[in-house]
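> See structure14.txt below, with compact mmCIF, N, CA and C atoms.
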# COMPACT_ATOMS: atom_id res chain seq x y z
N MET A 1 -55.15 -6.56 -26.07
CA MET A 1 -55.86 -6.90 -27.28
C MET A 1 -56.50 -8.27 -27.07
N GLY A 2 -57.81 -8.28 -27.14
CA GLY A 2 -58.54 -9.52 -26.88
C GLY A 2 -58.94 -10.24 -28.16
N PRO A 3 -59.63 -11.34 -27.98
CA PRO A 3 -60.06 -12.13 -29.14
C PRO A 3 -61.00 -11.35 -30.08
N ASN A 4 -61.81 -10.49 -29.51
CA ASN A 4 -62.73 -9.70 -30.35
C ASN A 4 -61.97 -8.74 -31.26
N ASP A 5 -60.90 -8.15 -30.73
CA ASP A 5 -60.07 -7.25 -31.55
C ASP A 5 -59.40 -8.01 -32.69
N ILE A 6 -58.93 -9.20 -32.40
CA ILE A 6 -58.27 -10.00 -33.43
C ILE A 6 -59.25 -10.40 -34.51
N LEU A 7 -60.46 -10.79 -34.11
CA LEU A 7 -61.48 -11.15 -35.09
C LEU A 7 -61.88 -9.95 -35.94
N GLU A 8 -61.95 -8.79 -35.32
CA GLU A 8 -62.30 -7.58 -36.07
C GLU A 8 -61.19 -7.21 -37.07
N ILE A 9 -59.94 -7.35 -36.67
CA ILE A 9 -58.82 -7.07 -37.58
C ILE A 9 -58.83 -8.07 -38.74
N ALA A 10 -59.08 -9.35 -38.43
CA ALA A 10 -59.12 -10.37 -39.48
C ALA A 10 -60.28 -10.10 -40.45
N ARG A 11 -61.41 -9.68 -39.92
CA ARG A 11 -62.57 -9.36 -40.78
C ARG A 11 -62.26 -8.16 -41.66
N ASP A 12 -61.62 -7.16 -41.10
CA ASP A 12 -61.23 -5.98 -41.89
C ASP A 12 -60.21 -6.36 -42.96
N ALA A 13 -59.27 -7.25 -42.63
CA ALA A 13 -58.26 -7.68 -43.60
C ALA A 13 -58.91 -8.43 -44.76
N ILE A 14 -59.89 -9.27 -44.47
CA ILE A 14 -60.59 -10.00 -45.53
C ILE A 14 -61.37 -9.03 -46.40
N PHE A 15 -62.01 -8.04 -45.78
CA PHE A 15 -62.77 -7.05 -46.55
C PHE A 15 -61.84 -6.24 -47.46
N VAL A 16 -60.67 -5.86 -46.95
CA VAL A 16 -59.69 -5.12 -47.76
C VAL A 16 -59.20 -5.99 -48.91
N MET A 17 -58.95 -7.26 -48.64
CA MET A 17 -58.51 -8.18 -49.69
C MET A 17 -59.56 -8.27 -50.80
N LEU A 18 -60.82 -8.35 -50.44
CA LEU A 18 -61.89 -8.41 -51.43
C LEU A 18 -62.02 -7.10 -52.20
N LYS A 19 -61.86 -5.98 -51.51
CA LYS A 19 -61.93 -4.68 -52.19
C LYS A 19 -60.81 -4.51 -53.20
N ILE A 20 -59.63 -4.99 -52.86
CA ILE A 20 -58.48 -4.84 -53.74
C ILE A 20 -58.56 -5.83 -54.91
N GLY A 21 -58.99 -7.04 -54.64
CA GLY A 21 -59.01 -8.06 -55.68
C GLY A 21 -60.22 -8.03 -56.59
N ALA A 22 -61.31 -7.45 -56.14
CA ALA A 22 -62.57 -7.49 -56.90
C ALA A 22 -62.48 -6.88 -58.30
N PRO A 23 -61.89 -5.70 -58.48
CA PRO A 23 -61.86 -5.15 -59.84
C PRO A 23 -61.15 -6.04 -60.85
N MET A 24 -60.04 -6.62 -60.46
CA MET A 24 -59.29 -7.46 -61.39
C MET A 24 -59.99 -8.80 -61.61
N MET A 25 -60.54 -9.37 -60.55
CA MET A 25 -61.23 -10.65 -60.69
C MET A 25 -62.49 -10.52 -61.54
N LEU A 26 -63.26 -9.47 -61.31
CA LEU A 26 -64.47 -9.27 -62.10
C LEU A 26 -64.15 -8.99 -63.56
N THR A 27 -63.09 -8.23 -63.79
CA THR A 27 -62.68 -7.96 -65.17
C THR A 27 -62.24 -9.24 -65.86
N ALA A 28 -61.46 -10.06 -65.18
CA ALA A 28 -61.03 -11.33 -65.76
C ALA A 28 -62.23 -12.22 -66.06
N LEU A 29 -63.22 -12.21 -65.17
CA LEU A 29 -64.42 -13.00 -65.40
C LEU A 29 -65.19 -12.54 -66.63
N VAL A 30 -65.39 -11.23 -66.75
CA VAL A 30 -66.15 -10.69 -67.88
C VAL A 30 -65.40 -10.93 -69.19
N VAL A 31 -64.11 -10.63 -69.21
CA VAL A 31 -63.33 -10.82 -70.44
C VAL A 31 -63.28 -12.31 -70.80
N GLY A 32 -63.12 -13.17 -69.82
CA GLY A 32 -63.10 -14.61 -70.07
C GLY A 32 -64.42 -15.11 -70.65
N LEU A 33 -65.53 -14.60 -70.12
CA LEU A 33 -66.84 -15.00 -70.65
C LEU A 33 -67.03 -14.51 -72.08
N ILE A 34 -66.62 -13.29 -72.35
CA ILE A 34 -66.76 -12.75 -73.70
C ILE A 34 -65.91 -13.55 -74.69
N ILE A 35 -64.68 -13.86 -74.31
CA ILE A 35 -63.80 -14.62 -75.20
C ILE A 35 -64.33 -16.04 -75.38
N SER A 36 -64.83 -16.65 -74.32
CA SER A 36 -65.39 -18.00 -74.43
C SER A 36 -66.60 -18.02 -75.35
N LEU A 37 -67.44 -17.02 -75.24
CA LEU A 37 -68.60 -16.92 -76.12
C LEU A 37 -68.16 -16.75 -77.57
N PHE A 38 -67.17 -15.90 -77.78
CA PHE A 38 -66.64 -15.70 -79.14
C PHE A 38 -66.05 -17.00 -79.69
N GLN A 39 -65.31 -17.72 -78.86
CA GLN A 39 -64.71 -18.97 -79.31
C GLN A 39 -65.78 -20.03 -79.60
N ALA A 40 -66.84 -20.05 -78.80
CA ALA A 40 -67.90 -21.03 -79.03
C ALA A 40 -68.68 -20.70 -80.31
N LEU A 41 -68.87 -19.43 -80.57
CA LEU A 41 -69.61 -19.03 -81.77
C LEU A 41 -68.81 -19.26 -83.04
N THR A 42 -67.52 -19.02 -82.99
CA THR A 42 -66.69 -19.13 -84.19
C THR A 42 -65.96 -20.47 -84.29
N GLN A 43 -66.00 -21.27 -83.25
CA GLN A 43 -65.30 -22.55 -83.15
C GLN A 43 -63.79 -22.41 -83.34
N ILE A 44 -63.25 -21.27 -82.93
CA ILE A 44 -61.80 -21.06 -82.92
C ILE A 44 -61.31 -21.44 -81.52
N GLN A 45 -60.46 -22.42 -81.43
CA GLN A 45 -59.97 -22.88 -80.14
C GLN A 45 -58.47 -22.59 -80.00
N GLU A 46 -58.11 -21.37 -80.18
CA GLU A 46 -56.72 -20.94 -80.08
C GLU A 46 -56.46 -20.47 -78.65
N MET A 47 -55.40 -20.98 -78.02
CA MET A 47 -55.11 -20.63 -76.64
C MET A 47 -54.69 -19.17 -76.49
N THR A 48 -53.94 -18.66 -77.45
CA THR A 48 -53.50 -17.27 -77.34
C THR A 48 -54.66 -16.30 -77.47
N LEU A 49 -55.73 -16.71 -78.12
CA LEU A 49 -56.91 -15.86 -78.23
C LEU A 49 -57.54 -15.63 -76.86
N ALA A 50 -57.45 -16.60 -75.99
CA ALA A 50 -57.99 -16.45 -74.64
C ALA A 50 -56.99 -15.77 -73.71
N PHE A 51 -55.71 -15.97 -73.95
CA PHE A 51 -54.69 -15.52 -73.00
C PHE A 51 -54.31 -14.05 -73.19
N VAL A 52 -54.01 -13.66 -74.40
CA VAL A 52 -53.47 -12.32 -74.66
C VAL A 52 -54.46 -11.20 -74.33
N PRO A 53 -55.71 -11.24 -74.79
CA PRO A 53 -56.63 -10.14 -74.43
C PRO A 53 -56.87 -10.04 -72.93
N LYS A 54 -56.91 -11.18 -72.25
CA LYS A 54 -57.14 -11.15 -70.81
C LYS A 54 -55.96 -10.50 -70.09
N ILE A 55 -54.74 -10.82 -70.49
CA ILE A 55 -53.56 -10.23 -69.86
C ILE A 55 -53.50 -8.72 -70.12
N ILE A 56 -53.78 -8.33 -71.35
CA ILE A 56 -53.75 -6.89 -71.68
C ILE A 56 -54.81 -6.14 -70.89
N THR A 57 -56.02 -6.71 -70.82
CA THR A 57 -57.11 -6.06 -70.09
C THR A 57 -56.79 -5.98 -68.60
N LEU A 58 -56.24 -7.04 -68.04
CA LEU A 58 -55.90 -7.02 -66.61
C LEU A 58 -54.80 -6.01 -66.32
N PHE A 59 -53.85 -5.86 -67.23
CA PHE A 59 -52.81 -4.86 -67.03
C PHE A 59 -53.41 -3.45 -67.02
N VAL A 60 -54.32 -3.18 -67.95
CA VAL A 60 -54.96 -1.86 -68.01
C VAL A 60 -55.78 -1.60 -66.74
N VAL A 61 -56.54 -2.61 -66.30
CA VAL A 61 -57.34 -2.45 -65.09
C VAL A 61 -56.44 -2.25 -63.88
N PHE A 62 -55.32 -2.96 -63.83
CA PHE A 62 -54.38 -2.80 -62.72
C PHE A 62 -53.84 -1.38 -62.67
N VAL A 63 -53.47 -0.82 -63.83
CA VAL A 63 -52.94 0.54 -63.87
C VAL A 63 -54.02 1.54 -63.47
N LEU A 64 -55.26 1.32 -63.91
CA LEU A 64 -56.34 2.25 -63.59
C LEU A 64 -56.72 2.20 -62.11
N PHE A 65 -56.72 1.01 -61.51
CA PHE A 65 -57.16 0.86 -60.13
C PHE A 65 -56.01 0.89 -59.12
N LEU A 66 -54.79 1.07 -59.57
CA LEU A 66 -53.65 1.09 -58.66
C LEU A 66 -53.77 2.17 -57.58
N PRO A 67 -54.16 3.40 -57.90
CA PRO A 67 -54.30 4.40 -56.82
C PRO A 67 -55.34 3.99 -55.77
N PHE A 68 -56.46 3.41 -56.22
CA PHE A 68 -57.48 2.93 -55.28
C PHE A 68 -56.93 1.82 -54.39
N MET A 69 -56.19 0.89 -54.99
CA MET A 69 -55.64 -0.23 -54.23
C MET A 69 -54.63 0.26 -53.20
N VAL A 70 -53.76 1.17 -53.61
CA VAL A 70 -52.74 1.69 -52.70
C VAL A 70 -53.38 2.48 -51.56
N SER A 71 -54.35 3.31 -51.87
CA SER A 71 -55.00 4.10 -50.81
C SER A 71 -55.76 3.20 -49.84
N THR A 72 -56.36 2.13 -50.34
CA THR A 72 -57.05 1.18 -49.46
C THR A 72 -56.06 0.49 -48.54
N LEU A 73 -54.93 0.06 -49.08
CA LEU A 73 -53.91 -0.59 -48.25
C LEU A 73 -53.29 0.37 -47.23
N ILE A 74 -53.08 1.61 -47.64
CA ILE A 74 -52.52 2.60 -46.72
C ILE A 74 -53.48 2.87 -45.57
N ALA A 75 -54.77 3.02 -45.90
CA ALA A 75 -55.76 3.27 -44.84
C ALA A 75 -55.84 2.09 -43.88
N PHE A 76 -55.81 0.87 -44.40
CA PHE A 76 -55.85 -0.31 -43.53
C PHE A 76 -54.61 -0.40 -42.66
N THR A 77 -53.45 -0.15 -43.25
CA THR A 77 -52.20 -0.23 -42.49
C THR A 77 -52.13 0.85 -41.41
N GLN A 78 -52.57 2.05 -41.74
CA GLN A 78 -52.58 3.12 -40.74
C GLN A 78 -53.55 2.81 -39.60
N GLY A 79 -54.71 2.26 -39.94
CA GLY A 79 -55.66 1.87 -38.90
C GLY A 79 -55.11 0.78 -38.02
N LEU A 80 -54.44 -0.17 -38.64
CA LEU A 80 -53.84 -1.27 -37.86
C LEU A 80 -52.71 -0.76 -36.97
N ALA A 81 -51.87 0.13 -37.50
CA ALA A 81 -50.80 0.70 -36.70
C ALA A 81 -51.37 1.55 -35.56
N GLY A 82 -52.45 2.26 -35.83
CA GLY A 82 -53.09 3.03 -34.77
C GLY A 82 -53.63 2.15 -33.67
N ARG A 83 -54.20 1.02 -34.03
CA ARG A 83 -54.68 0.09 -33.01
C ARG A 83 -53.54 -0.48 -32.19
N ILE A 84 -52.44 -0.82 -32.86
CA ILE A 84 -51.29 -1.38 -32.14
C ILE A 84 -50.70 -0.32 -31.20
N ALA A 85 -50.59 0.91 -31.68
CA ALA A 85 -50.03 1.98 -30.85
C ALA A 85 -50.97 2.32 -29.71
N GLY A 86 -52.27 2.22 -29.93
CA GLY A 86 -53.24 2.51 -28.88
C GLY A 86 -53.25 1.50 -27.78
N VAL A 87 -52.90 0.24 -28.11
CA VAL A 87 -52.88 -0.83 -27.12
C VAL A 87 -51.66 -0.71 -26.24
N GLY A 88 -50.51 -0.39 -26.87
CA GLY A 88 -49.23 -0.34 -26.14
C GLY A 88 -49.17 0.82 -25.27
Any chance you could give the structure as structure tokens?

Amino acid sequence: MGPNDILEIARDAIFVMLKIGAPMMLTALVVGLIISLFQALTQIQEMTLAFVPKIITLFVVFVLFLPFMVSTLIAFTQGLAGRIAGVG
């Protein structure tokens, strides 16, 4: 296994990390922007108003995207194990 293989594995790992994290991060961004806009318009500066809806929304998104996240991790792990077994 040479340096090119290691760089390719690292690049694939970063891509998998972005694929897994993107749905939750984008959802948190959108919900945070909506709540911030609502707070700015109504001048309500309550911390729980920002915290509770974001947590609930992230939990729902996590449950919905869990099969996608698991299948992505399984595919990456199997590919990585295949590379390791192919080298040995």
> List as a PyMOL selection string: which residues have an atom within 5 Å of (-59.4, -6.2, -67.5), counting only N, CA and C atoms?
chain A and resi 27-28+57-58+61
> Work out how far apart atom CA of Ile6 of chain A and atom N of Phe68 of chain A are and give it in Å to one decimal.
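Calculated distance between atom CA of Ile6 of chain A and atom N of Phe68 of chain A is 26.5 Å.
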> If you measure from atom N of Leu26 of chain A to atom N of Val63 of chain A, what distance in Å do you get, rounded to one decimal?
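Those two atoms sit 13.3 Å apart.
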> Can you work out which one of A:Leu80, A:Ala85, A:Ile56, A:Leu73 has the shortest atom-to-atom distance to Met24 of chain A, counting only C-alpha atoms?
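Ranked by minimum distance to Met24 of chain A, first place goes to A:Ile56.
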> To one decimal in Å, tell me the separation between atom CA of Met1 of chain A and atom CA of Arg83 of chain A.
9.1 Å
> Kindly provide, as lines of an AutoDock Vina configuration file, the centre and edge lengths (Å, one decimal) of an axis-aligned box around all atoms of segment 37-40 of chain A given in the file, with 8 Å on each side.

center_x = -66.7
center_y = -18.4
center_z = -77.8
size_x = 20.0
size_y = 21.3
size_z = 21.1
> Skipping near chain neighbours, those fewer than 2 positions away, what residues fall within 9 Å of Ile35 of chain A using only C-alpha atoms, listed as a ChimeraX atom specification?
/A:30-33,37-40,49-50,53-54
> From (-55.3, -1.3, -48.2), in the file's coordinates, out to 10 Å: which residues are reached, counting only C-alpha atoms? Answer as a PyMOL selection string.
chain A and resi 12-13+15-17+19-20+68-79
